[in-house]
Amino acid sequence: MAKKVRIDRDACIGCGLCVSVMPEVFEFDDEGKARVHAQPAEGVEVEVANDCPTGAIIVED
Ligand code: SF4
């Protein structure tokens with residue numbers, strides 16, 4: 001099963017890390033916060049979730 005990713009919008013500070021590392025998954029919304037525009041492909045690890053400064057990226061198996 002592919003991982004399912006979502007963003008805790010209240011926690012995101014819009015630093016841009018996830019958008020720059022995985023633009024195929026993350027993008028900015030109109031308010032400068034990250035959102036998921038496409039789920040990661042099968043087998044792709046979302047390691048940036050560990051690097052998000054506020055822990056706003058939630059990865060579910
Ligand atoms: S890395 Fe975290 S805080 Fe930075 S834009 Fe992405 S979700 Fe938001």
# chains A, B, ... in the order shown; residues from 1 in each chain; ligands from 1
>>> closest_atom_pairs(of="chain A", to="ligand 1", cutoff="6 Å", atoms="only C-alpha atoms and all ligand atoms", output="CSV")
residue,atom,partner,partner_atom_place_in_ligand_line,distance
A:Ile7,CA,ligand 1,7 (S),6.0
A:Cys12,CA,ligand 1,8 (Fe),3.7
A:Ile13,CA,ligand 1,3 (S),4.4
A:Gly14,CA,ligand 1,5 (S),3.8
A:Cys15,CA,ligand 1,4 (Fe),3.9
A:Gly16,CA,ligand 1,5 (S),4.0
A:Leu17,CA,ligand 1,1 (S),4.4
A:Cys18,CA,ligand 1,6 (Fe),4.2
A:Lys33,CA,ligand 1,8 (Fe),6.0
A:Ala34,CA,ligand 1,5 (S),4.9
A:Cys52,CA,ligand 1,1 (S),3.9
A:Pro53,CA,ligand 1,3 (S),5.7
A:Thr54,CA,ligand 1,3 (S),5.5
A:Ala56,CA,ligand 1,7 (S),4.9
A:Ile57,CA,ligand 1,7 (S),5.3
>>> select_by_dssp(residues="chain A", states="helix (DSSP H, G or I)", output="PyMOL selection string")
chain A and resi 17-21+48-51
>>> select_by_dssp(residues="chain A", states="strand (DSSP E or B)", output="list in words")
Lys4, Val5, Arg6, Ile7, Phe26, Glu27, Phe28, Ala34, Arg35, Val36, Ile57, Ile58, Val59 and Glu60 of chain A
>>> closest_residue(among="A:Val59, A:Ala11, A:Arg6, A:Val25", to="Ala41 in chain A", atoms="only C-alpha atoms")
A:Val25
>>> closest_residue(among="A:Ser20, A:Val36, A:Asp30, A:Glu60", to="Val48 in chain A", atoms="only C-alpha atoms")
A:Ser20
>>> atom_distance(atom1="CA of Phe26 in chain A", atom2="CA of Lys4 in chain A")
12.5 Å
>>> closest_residue(among="A:Asp51, A:Asp61, A:Val5, A:Val21", to="His37 in chain A", atoms="only C-alpha atoms")
A:Val5
>>> atom_distance(atom1="CA of Val19 in chain A", atom2="CA of Lys3 in chain A")
17.4 Å
>>> closest_residue(among="A:Ala38, A:Val44, A:Met22, A:Ala49", to="Ala2 in chain A", atoms="only C-alpha atoms")
A:Val44
